[in-house]
Structures are given as C-alpha cells and as structure tokens.
>>> print(open('work.txt').read())   # compact mmCIF, C-alpha atoms
# COMPACT_ATOMS: atom_id res chain seq x y z
CA MET A 967 -35.44 34.07 -42.45
CA THR A 968 -36.93 31.28 -44.58
CA SER A 969 -39.61 31.98 -47.18
CA GLN A 970 -41.93 29.59 -49.02
CA GLY A 971 -44.94 30.15 -51.24
CA THR A 972 -46.34 33.28 -52.84
CA GLY A 973 -49.02 35.79 -51.98
CA GLU A 974 -49.62 37.98 -48.96
CA PRO A 975 -46.84 37.56 -46.36
CA VAL A 976 -47.49 35.82 -43.04
CA VAL A 977 -44.80 35.46 -40.39
CA TRP A 978 -44.98 32.20 -38.43
CA LEU A 979 -43.45 31.94 -34.93
CA HIS A 980 -42.76 28.44 -33.62
CA GLY A 981 -43.24 27.01 -30.12
CA PHE A 982 -40.78 26.18 -27.34
CA THR A 983 -38.22 23.50 -28.38
CA GLN A 984 -39.23 23.88 -32.04
CA THR A 985 -37.46 25.63 -34.93
CA ARG A 986 -38.44 27.48 -38.09
CA TYR A 987 -38.50 24.10 -39.85
CA SER A 988 -41.03 22.56 -37.46
CA ALA A 989 -44.59 21.69 -38.54
CA PRO A 990 -43.62 21.19 -42.23
CA GLU A 991 -47.00 19.81 -43.31
CA PHE A 992 -48.87 22.72 -41.76
CA LEU A 993 -46.50 25.34 -43.19
CA ALA A 994 -46.35 23.78 -46.65
CA SER A 995 -50.14 23.80 -46.86
CA LEU A 996 -50.28 27.38 -45.60
CA SER A 997 -47.81 28.41 -48.30
CA HIS A 998 -50.28 27.40 -51.03
CA CYS A 999 -52.10 30.70 -50.47
CA ASN A 1000 -49.54 32.84 -48.64
CA ARG A 1001 -45.84 33.63 -48.61
CA VAL A 1002 -44.85 32.07 -45.31
CA LEU A 1003 -41.85 33.60 -43.50
CA THR A 1004 -40.27 31.65 -40.66
CA LEU A 1005 -37.31 32.30 -38.40
CA ASP A 1006 -35.72 30.74 -35.32
CA LEU A 1007 -36.67 32.39 -32.05
CA PRO A 1008 -33.91 33.22 -29.50
CA GLY A 1009 -32.47 30.10 -27.87
CA HIS A 1010 -33.68 27.87 -30.71
CA GLY A 1011 -32.23 26.44 -33.91
CA GLU A 1012 -29.72 28.72 -35.59
CA ALA A 1013 -30.57 31.43 -33.02
CA ALA A 1014 -29.60 29.17 -30.10
CA GLY A 1015 -26.89 31.64 -29.07
CA VAL A 1016 -29.23 34.64 -28.98
CA ARG A 1017 -30.40 35.72 -25.52
CA ALA A 1018 -33.58 37.84 -25.34
CA ASP A 1019 -36.67 38.38 -23.23
CA LEU A 1020 -40.12 38.65 -24.81
CA VAL A 1021 -40.00 42.40 -25.39
CA THR A 1022 -36.56 42.22 -27.00
CA THR A 1023 -37.58 39.19 -29.07
CA ALA A 1024 -40.54 41.13 -30.46
CA ARG A 1025 -38.24 44.02 -31.38
CA LEU A 1026 -35.76 41.68 -33.09
CA ILE A 1027 -38.52 40.16 -35.20
CA ALA A 1028 -39.87 43.58 -36.17
CA GLU A 1029 -36.39 44.51 -37.35
CA ALA A 1030 -35.88 41.21 -39.21
CA VAL A 1031 -39.11 41.35 -41.23
CA GLU A 1032 -38.58 43.62 -44.23
CA GLU A 1033 -42.25 43.91 -45.20
CA GLU A 1034 -43.91 47.03 -43.85
CA GLN A 1035 -47.19 45.16 -43.36
CA PHE A 1036 -47.73 41.45 -42.82
CA SER A 1037 -49.98 38.98 -41.08
CA LEU A 1038 -48.59 37.31 -37.98
CA ALA A 1039 -49.20 33.86 -36.51
CA GLY A 1040 -47.64 32.09 -33.54
CA TYR A 1041 -47.98 28.84 -31.63
CA SER A 1042 -47.74 28.62 -27.80
CA PHE A 1043 -44.41 30.35 -26.95
CA GLY A 1044 -44.51 31.86 -30.43
CA GLY A 1045 -48.04 33.05 -29.73
CA ARG A 1046 -46.86 34.92 -26.65
CA VAL A 1047 -44.14 36.52 -28.75
CA ALA A 1048 -46.72 37.37 -31.41
CA LEU A 1049 -48.91 39.13 -28.85
CA HIS A 1050 -45.97 41.29 -27.78
CA LEU A 1051 -45.08 42.09 -31.38
CA ALA A 1052 -48.67 43.00 -32.29
CA LEU A 1053 -48.90 45.31 -29.27
CA ASP A 1054 -45.53 46.86 -30.10
CA VAL A 1055 -46.13 47.56 -33.82
CA PRO A 1056 -49.90 47.22 -34.40
CA HIS A 1057 -49.74 49.37 -37.52
CA ARG A 1058 -47.63 46.70 -39.24
CA ILE A 1059 -49.83 43.69 -38.44
CA ARG A 1060 -52.63 43.10 -40.94
CA ARG A 1061 -54.13 40.06 -39.19
CA LEU A 1062 -53.11 38.11 -36.08
CA VAL A 1063 -53.45 34.35 -35.50
CA LEU A 1064 -52.78 32.92 -32.04
CA VAL A 1065 -52.53 29.12 -31.73
CA SER A 1066 -52.67 27.68 -28.19
CA ALA A 1067 -51.50 31.03 -26.80
CA THR A 1068 -51.92 32.75 -23.45
CA ARG A 1069 -52.17 36.29 -22.12
CA GLY A 1070 -49.81 35.32 -19.30
CA LEU A 1071 -50.53 34.94 -15.60
CA ALA A 1072 -52.57 37.59 -13.79
CA ASP A 1073 -51.60 36.61 -10.24
CA PRO A 1074 -48.11 37.92 -9.21
CA LEU A 1075 -47.66 35.01 -6.81
CA GLU A 1076 -48.48 32.54 -9.56
CA ARG A 1077 -46.00 34.30 -11.86
CA ALA A 1078 -43.28 34.09 -9.22
CA ALA A 1079 -43.96 30.40 -8.70
CA ARG A 1080 -43.78 29.82 -12.45
CA VAL A 1081 -40.43 31.63 -12.65
CA SER A 1082 -39.10 29.28 -9.95
CA ARG A 1083 -40.38 26.19 -11.77
CA ASP A 1084 -38.91 27.35 -15.09
CA GLU A 1085 -35.56 28.08 -13.45
CA ALA A 1086 -35.51 24.55 -12.05
CA LEU A 1087 -36.51 23.15 -15.45
CA ALA A 1088 -33.77 25.17 -17.15
CA ASP A 1089 -31.22 23.70 -14.72
CA HIS A 1090 -32.60 20.24 -15.49
CA ILE A 1091 -32.24 20.70 -19.26
CA GLU A 1092 -28.61 21.67 -18.85
CA ALA A 1093 -28.01 18.70 -16.54
CA VAL A 1094 -29.62 15.90 -18.59
CA GLY A 1095 -29.27 17.20 -22.16
CA THR A 1096 -31.86 17.73 -24.86
CA GLU A 1097 -32.60 14.11 -25.86
CA ILE A 1098 -33.68 13.08 -22.37
CA PHE A 1099 -35.45 16.40 -21.86
CA LEU A 1100 -37.41 16.05 -25.11
CA ASP A 1101 -38.51 12.57 -24.03
CA GLU A 1102 -39.82 14.09 -20.80
CA TRP A 1103 -41.26 17.23 -22.40
CA LEU A 1104 -43.22 15.43 -25.10
CA ALA A 1105 -44.51 12.83 -22.64
CA GLN A 1106 -46.67 15.48 -20.94
CA PRO A 1107 -50.46 15.05 -21.27
CA LEU A 1108 -50.40 18.47 -22.99
CA PHE A 1109 -48.86 16.80 -26.06
CA ALA A 1110 -50.82 13.54 -26.08
CA GLY A 1111 -51.35 12.63 -29.71
CA ALA A 1112 -48.41 14.71 -30.93
CA ALA A 1113 -45.44 13.33 -28.98
CA GLU A 1114 -43.51 11.95 -31.97
CA LEU A 1115 -44.79 14.39 -34.57
CA ASP A 1116 -42.04 16.68 -35.82
CA ARG A 1117 -39.56 15.54 -33.16
CA GLU A 1118 -36.59 15.47 -35.53
CA ARG A 1119 -37.01 19.21 -36.19
CA ARG A 1120 -36.76 20.21 -32.53
CA SER A 1121 -33.96 22.42 -31.24
CA ARG A 1122 -31.10 20.48 -29.66
CA ASN A 1123 -29.13 23.19 -27.84
CA ALA A 1124 -29.58 22.73 -24.08
CA GLU A 1125 -28.11 26.09 -23.11
CA GLY A 1126 -30.32 27.92 -25.61
CA LEU A 1127 -33.51 26.24 -24.43
CA ALA A 1128 -32.60 26.89 -20.81
CA ALA A 1129 -31.97 30.57 -21.56
CA SER A 1130 -35.31 30.82 -23.35
CA LEU A 1131 -37.10 29.53 -20.25
CA ARG A 1132 -35.23 31.87 -17.92
CA LEU A 1133 -35.66 34.99 -20.05
CA ALA A 1134 -38.97 34.45 -21.85
CA GLY A 1135 -40.92 31.86 -19.86
CA THR A 1136 -44.56 32.49 -19.00
CA GLY A 1137 -43.64 33.68 -15.50
CA THR A 1138 -41.49 36.48 -16.90
CA GLN A 1139 -44.37 37.83 -18.96
CA GLU A 1140 -46.45 40.84 -18.05
CA PHE A 1141 -50.13 39.86 -17.92
CA LEU A 1142 -51.41 41.22 -21.22
CA GLY A 1143 -55.13 40.95 -20.55
CA PRO A 1144 -55.64 44.69 -19.86
CA ARG A 1145 -53.84 45.62 -23.11
CA LEU A 1146 -55.83 43.45 -25.52
CA GLY A 1147 -58.08 46.39 -26.42
CA GLU A 1148 -55.06 48.03 -28.07
CA LEU A 1149 -55.16 45.40 -30.83
CA THR A 1150 -57.14 46.92 -33.68
CA MET A 1151 -56.43 44.21 -36.30
CA PRO A 1152 -58.68 41.14 -36.70
CA VAL A 1153 -57.55 38.35 -34.36
CA LEU A 1154 -58.14 34.60 -34.73
CA THR A 1155 -57.53 32.35 -31.72
CA LEU A 1156 -57.25 28.60 -32.17
CA ALA A 1157 -57.31 25.89 -29.49
CA GLY A 1158 -57.73 22.13 -29.36
CA ARG A 1159 -60.88 20.72 -27.81
CA ARG A 1160 -58.81 18.58 -25.40
CA ASP A 1161 -56.70 21.54 -24.26
CA GLU A 1162 -59.08 23.03 -21.68
CA LYS A 1163 -56.68 25.60 -20.19
CA PHE A 1164 -55.73 27.12 -23.54
CA LEU A 1165 -59.25 26.85 -24.87
CA ALA A 1166 -60.29 29.15 -22.03
CA GLU A 1167 -57.39 31.47 -22.92
CA ALA A 1168 -58.41 31.53 -26.59
CA ARG A 1169 -61.90 32.61 -25.62
CA ALA A 1170 -60.62 35.24 -23.19
CA ILE A 1171 -58.25 36.74 -25.76
CA SER A 1172 -60.97 36.83 -28.40
CA ALA A 1173 -63.36 38.54 -25.98
CA GLY A 1174 -60.73 41.13 -25.05
CA VAL A 1175 -59.84 42.35 -28.55
CA LEU A 1176 -61.92 44.61 -30.74
CA GLU A 1177 -62.41 42.08 -33.54
CA GLY A 1178 -61.86 38.52 -32.32
CA ARG A 1179 -62.85 35.06 -33.48
CA VAL A 1180 -62.39 31.67 -31.77
CA GLU A 1181 -62.07 28.37 -33.63
CA ILE A 1182 -61.92 25.02 -31.82
CA ILE A 1183 -60.15 22.06 -33.41
CA GLU A 1184 -61.90 18.81 -32.55
CA GLY A 1185 -59.80 15.77 -31.71
CA ALA A 1186 -56.73 17.87 -30.89
CA GLY A 1187 -54.80 19.04 -27.85
CA HIS A 1188 -52.17 21.73 -27.46
CA ALA A 1189 -50.22 21.01 -30.67
CA LEU A 1190 -53.32 21.22 -32.85
CA HIS A 1191 -51.43 22.29 -35.98
CA LEU A 1192 -49.43 19.05 -35.75
CA GLU A 1193 -52.34 16.79 -34.82
CA GLN A 1194 -54.89 18.23 -37.26
CA PRO A 1195 -52.86 20.18 -39.86
CA ALA A 1196 -55.44 20.13 -42.65
CA GLU A 1197 -58.28 21.56 -40.56
CA SER A 1198 -55.94 24.06 -38.88
CA VAL A 1199 -54.61 25.34 -42.22
CA GLU A 1200 -58.10 25.62 -43.68
CA LEU A 1201 -59.23 27.88 -40.84
CA VAL A 1202 -56.06 29.99 -40.84
CA SER A 1203 -55.98 30.38 -44.64
CA GLN A 1204 -59.62 31.41 -44.76
CA PHE A 1205 -59.06 33.99 -42.03
CA LEU A 1206 -55.95 35.43 -43.70
CA SER A 1207 -57.71 35.76 -47.05
CA GLU A 1208 -60.61 37.83 -45.71
>>> encode(input="work.txt", output="structure tokens")
Amino acid sequence: MTSQGTGEPVVWLHGFTQTRYSAPEFLASLSHCNRVLTLDLPGHGEAAGVRADLVTTARLIAEAVEEEQFSLAGYSFGGRVALHLALDVPHRIRRLVLVSATRGLADPLERAARVSRDEALADHIEAVGTEIFLDEWLAQPLFAGAAELDRERRSRNAEGLAASLRLAGTGTQEFLGPRLGELTMPVLTLAGRRDEKFLAEARAISAGVLEGRVEIIEGAGHALHLEQPAESVELVSQFLSE
C-alpha cells in the first residue's frame, strides 16, 4: 500500500494493465486535499502473482485497508472492483467515485461471448508478450488521446495480466444493476464525452443508486483522468470534500 498526501483517506484502484503508480499527475493533484492510498490489483505490478476473481479481490482490499472508513475511487477495471467492494462493505465506504466504470453485462449470452473473447486475449498476451500487447491495447479507439500517457507505469507481467482477464474480466462479473440500490453512500460517476458506451453506463449507475451524480469530461475518452487530469481532479476533490 502506497500513501501520499494528508487529509481524509481515499483508496484509488487502477485500471487493467496499470499499477498503483499509474496516473501520477492525477494522483498527485488529488493528494493535495486527501490522503491517497494506492495498491496493485491482482495480476498487476507487485501483485502480479496474486490470482483472484472480483469478489475475492474486493475482500483482499477490504482486509488491506486499515482505516475503518474511507472514500473509494476506481477507474475502469478498478471501478468494477470498487463496485464490488462498496456492495460488500458499504458501512466502510464514505463516498464512492466510479471513473469509466460499468455494472457488467446483463445478457448471459453476451457475458459468455465476452468470457470467450477474454480467454482468447489472455492466450494472446502470453504468446506475444506485454510490449507487443500494450502496443495493440493502447491503439484501440477507446484510448485515443491517451495511448502514450503513463505507458511506462504499466504492468509488464504477461501471466498476471492474462490471469486477471480470465478471473476478473467483464464477462465473469455478475450484472450489478439490480443491486445498485444497496449503495447508501453518495456516488459520483465520471465519463468522457467521447466514450459513449461508458457515458451511458455512468448515467445508468447514477440513476440506480440512492444518491448519484454524473459528471462528463469534455474532450476526453475512456482514460479521462489521464487526458484531462486537472478537470477530473477538481470534480473528484470537490465531491470528496462535501
């Protein structure tokens, strides 16, 4: 667990292929008003050898965080983990921030198809290695505008990334839409204007919780905290201070 800054604690959960050291500009700015706690998720960084599904990952994080109450924020894969953690221990989460996150897939057939695609992608990562895979991964339209941002802080363990996809990919996730009403803490969802799929998810999550708010980052796609760190931090910091 890495800590920077002072103030009320907020746990930050990184995205797929990232590490606890990713998004340094965003996290450094966030630490001006909060004590920011970061850790490597299973399959990533120093936790590359850890194997865990989403439910187990949430439990591991709950055990790792010493503070009884804290705010929680997660990006993409980390946002899906954050949703599981908030549903598992809602009494410990003061405020929840979800950046480019999803409830999962409602259609069982779509989930099964996603599991198959992620299994094939996991095999591909192990076959070509992380440098070639990162070239391919960051070349997706999803990351247009952020392809080279923060690349040097990505996880480089092929087996760990492959395991993360197989155990905690979107297809493995229970559709959490029906459970959103269990979240009693204030929830902020963030999405980039160019990221239409996750913008719709942000609005759906906000509508499903008891106290939700949506913020849209103009001029950004999926990795909005990398593309527009100053605006993203301003919105998150304001929300956490309320």
>>> closest_residue(input="work.txt", among="A:Leu1038, A:Leu1005, A:Leu1133, A:Ala1078", to="A:Leu1206", atoms="only C-alpha atoms")
A:Leu1038
>>> closest_residue(input="work.txt", among="A:Pro1008, A:Gly1178, A:Gly981, A:Gly1187", to="A:Ala1112", atoms="all atoms listed in the file")
A:Gly1187
>>> residues_around(input="work.txt", residues="A:Ser1082", least_positions_apart="3", cutoff="12 Å", atoms="all atoms listed in the file", output="VMD selection string")
chain A and resid 1075 to 1079 1085 to 1089 1131 to 1132 1135 to 1138
>>> atom_distance(input="work.txt", atom1="atom CA of A:His1010", atom2="atom CA of A:Leu1051")
18.2 Å
>>> atom_distance(input="work.txt", atom1="atom CA of A:Leu1146", atom2="atom CA of A:Leu1108")
25.7 Å
>>> closest_residue(input="work.txt", among="A:Ile1171, A:Leu993, A:Ala1196, A:Leu1053", to="A:Ala1024", atoms="only C-alpha atoms")
A:Leu1053
>>> closest_residue(input="work.txt", among="A:Val1031, A:Met1151, A:Leu1049, A:Leu1115", to="A:Pro990", atoms="all atoms listed in the file")
A:Leu1115
>>> closest_residue(input="work.txt", among="A:Leu1142, A:Leu1007, A:Val1002, A:Ala1129", to="A:Thr985", atoms="all atoms listed in the file")
A:Leu1007
>>> closest_residue(input="work.txt", among="A:Val976, A:Glu1092, A:Asp1019, A:Phe982", to="A:Arg1001", atoms="all atoms listed in the file")
A:Val976
>>> atom_distance(input="work.txt", atom1="atom CA of A:Glu1177", atom2="atom CA of A:Thr1155")
11.0 Å
>>> decode(input="work.txt", residues="stretch 1002-1153 of chain A", atoms="C-alpha atoms", output="compact mmCIF listing (two decimals), in the first residue's frame")
# COMPACT_ATOMS: atom_id res chain seq x y z
CA VAL A 1002 -4.44 8.90 -1.32
CA LEU A 1003 -3.90 5.16 -0.78
CA THR A 1004 -2.98 3.02 -3.78
CA LEU A 1005 -2.21 -0.65 -4.21
CA ASP A 1006 -1.60 -3.09 -7.06
CA LEU A 1007 -4.62 -5.16 -8.03
CA PRO A 1008 -4.21 -8.94 -8.54
CA GLY A 1009 -2.24 -9.77 -11.68
CA HIS A 1010 -0.66 -6.31 -11.79
CA GLY A 1011 2.58 -4.71 -10.61
CA GLU A 1012 3.91 -6.19 -7.39
CA ALA A 1013 0.71 -8.28 -7.11
CA ALA A 1014 1.32 -9.94 -10.50
CA GLY A 1015 1.49 -13.34 -8.81
CA VAL A 1016 -1.83 -12.96 -7.00
CA ARG A 1017 -4.79 -14.78 -8.56
CA ALA A 1018 -8.28 -13.56 -7.61
CA ASP A 1019 -11.74 -13.02 -9.05
CA LEU A 1020 -13.66 -9.80 -8.45
CA VAL A 1021 -15.31 -10.93 -5.22
CA THR A 1022 -12.02 -12.15 -3.76
CA THR A 1023 -10.23 -9.00 -4.91
CA ALA A 1024 -12.77 -6.86 -3.08
CA ARG A 1025 -12.25 -8.92 0.08
CA LEU A 1026 -8.45 -8.62 -0.19
CA ILE A 1027 -8.69 -4.84 -0.48
CA ALA A 1028 -11.05 -4.61 2.49
CA GLU A 1029 -8.51 -6.55 4.53
CA ALA A 1030 -5.57 -4.46 3.30
CA VAL A 1031 -7.07 -1.05 4.12
CA GLU A 1032 -6.56 -0.36 7.82
CA GLU A 1033 -8.92 2.61 8.03
CA GLU A 1034 -12.38 1.69 9.26
CA GLN A 1035 -13.97 4.30 6.97
CA PHE A 1036 -12.61 5.71 3.73
CA SER A 1037 -13.69 7.05 0.38
CA LEU A 1038 -13.18 4.77 -2.61
CA ALA A 1039 -12.43 5.56 -6.25
CA GLY A 1040 -11.70 3.29 -9.19
CA TYR A 1041 -11.06 3.53 -12.92
CA SER A 1042 -12.47 1.02 -15.45
CA PHE A 1043 -11.38 -2.42 -14.12
CA GLY A 1044 -10.70 -0.71 -10.80
CA GLY A 1045 -14.19 0.78 -10.94
CA ARG A 1046 -15.71 -2.69 -11.26
CA VAL A 1047 -13.67 -3.79 -8.26
CA ALA A 1048 -14.79 -0.68 -6.38
CA LEU A 1049 -18.45 -1.50 -7.04
CA HIS A 1050 -17.96 -4.97 -5.58
CA LEU A 1051 -16.14 -3.58 -2.55
CA ALA A 1052 -18.80 -0.93 -1.90
CA LEU A 1053 -21.54 -3.57 -2.09
CA ASP A 1054 -19.58 -5.90 0.19
CA VAL A 1055 -18.73 -3.39 2.95
CA PRO A 1056 -21.00 -0.36 2.42
CA HIS A 1057 -20.64 0.70 6.04
CA ARG A 1058 -16.93 1.38 5.47
CA ILE A 1059 -17.27 3.49 2.30
CA ARG A 1060 -17.86 7.20 2.96
CA ARG A 1061 -18.10 8.24 -0.71
CA LEU A 1062 -17.71 6.31 -3.97
CA VAL A 1063 -16.21 7.59 -7.24
CA LEU A 1064 -16.50 5.48 -10.39
CA VAL A 1065 -14.44 6.56 -13.42
CA SER A 1066 -15.35 4.94 -16.76
CA ALA A 1067 -16.90 2.00 -14.90
CA THR A 1068 -19.62 -0.50 -15.78
CA ARG A 1069 -22.28 -2.52 -13.98
CA GLY A 1070 -21.31 -5.53 -16.09
CA LEU A 1071 -23.28 -7.26 -18.84
CA ALA A 1072 -26.96 -8.03 -18.32
CA ASP A 1073 -27.32 -10.58 -21.14
CA PRO A 1074 -25.97 -14.07 -20.19
CA LEU A 1075 -25.16 -14.80 -23.84
CA GLU A 1076 -23.21 -11.57 -24.11
CA ARG A 1077 -21.34 -12.44 -20.91
CA ALA A 1078 -20.44 -15.88 -22.27
CA ALA A 1079 -19.20 -14.35 -25.50
CA ARG A 1080 -17.09 -11.86 -23.55
CA VAL A 1081 -15.56 -14.68 -21.48
CA SER A 1082 -14.55 -16.41 -24.73
CA ARG A 1083 -13.01 -13.21 -26.14
CA ASP A 1084 -11.10 -12.53 -22.92
CA GLU A 1085 -9.81 -16.11 -22.83
CA ALA A 1086 -8.51 -15.69 -26.38
CA LEU A 1087 -6.98 -12.33 -25.47
CA ALA A 1088 -5.31 -13.86 -22.40
CA ASP A 1089 -3.78 -16.56 -24.61
CA HIS A 1090 -2.58 -13.83 -26.98
CA ILE A 1091 -0.90 -11.85 -24.19
CA GLU A 1092 1.02 -14.92 -23.09
CA ALA A 1093 2.00 -15.67 -26.70
CA VAL A 1094 3.25 -12.23 -27.80
CA GLY A 1095 4.39 -10.68 -24.51
CA THR A 1096 3.45 -7.42 -22.85
CA GLU A 1097 5.29 -4.93 -25.08
CA ILE A 1098 3.51 -6.03 -28.25
CA PHE A 1099 0.24 -6.41 -26.36
CA LEU A 1100 0.46 -2.90 -24.91
CA ASP A 1101 1.04 -1.53 -28.42
CA GLU A 1102 -2.15 -3.28 -29.53
CA TRP A 1103 -4.14 -2.47 -26.39
CA LEU A 1104 -3.40 1.24 -26.37
CA ALA A 1105 -4.03 1.52 -30.12
CA GLN A 1106 -7.76 0.90 -29.56
CA PRO A 1107 -10.11 3.82 -30.31
CA LEU A 1108 -11.12 3.59 -26.63
CA PHE A 1109 -7.76 5.13 -25.69
CA ALA A 1110 -7.43 7.69 -28.49
CA GLY A 1111 -5.70 10.70 -26.98
CA ALA A 1112 -4.16 8.71 -24.13
CA ALA A 1113 -2.15 5.99 -25.90
CA GLU A 1114 1.31 7.12 -24.73
CA LEU A 1115 0.24 8.71 -21.47
CA ASP A 1116 1.56 6.79 -18.47
CA ARG A 1117 2.77 3.86 -20.59
CA GLU A 1118 6.00 3.40 -18.64
CA ARG A 1119 4.00 2.69 -15.46
CA ARG A 1120 2.02 -0.18 -16.97
CA SER A 1121 2.28 -3.73 -15.63
CA ARG A 1122 4.67 -5.92 -17.61
CA ASN A 1123 3.83 -9.43 -16.36
CA ALA A 1124 2.08 -11.35 -19.16
CA GLU A 1125 0.92 -14.22 -16.97
CA GLY A 1126 -0.53 -11.84 -14.40
CA LEU A 1127 -2.46 -9.80 -16.95
CA ALA A 1128 -3.77 -12.97 -18.59
CA ALA A 1129 -4.93 -14.30 -15.22
CA SER A 1130 -6.68 -11.00 -14.48
CA LEU A 1131 -8.66 -11.29 -17.71
CA ARG A 1132 -9.60 -14.91 -17.09
CA LEU A 1133 -10.62 -14.45 -13.46
CA ALA A 1134 -11.92 -10.87 -13.30
CA GLY A 1135 -12.82 -9.85 -16.85
CA THR A 1136 -16.16 -8.19 -17.53
CA GLY A 1137 -17.69 -11.48 -18.68
CA THR A 1138 -17.01 -13.10 -15.31
CA GLN A 1139 -18.89 -10.36 -13.47
CA GLU A 1140 -22.39 -10.67 -12.13
CA PHE A 1141 -24.57 -7.91 -13.58
CA LEU A 1142 -24.75 -5.46 -10.68
CA GLY A 1143 -27.59 -3.29 -11.95
CA PRO A 1144 -30.26 -4.79 -9.64
CA ARG A 1145 -28.01 -4.28 -6.59
CA LEU A 1146 -27.21 -0.59 -7.04
CA GLY A 1147 -29.99 0.38 -4.64
CA GLU A 1148 -27.96 -1.21 -1.84
CA LEU A 1149 -25.40 1.59 -2.11
CA THR A 1150 -26.36 4.17 0.50
CA MET A 1151 -23.25 6.37 0.22
CA PRO A 1152 -23.06 9.31 -2.23
CA VAL A 1153 -21.80 8.11 -5.63
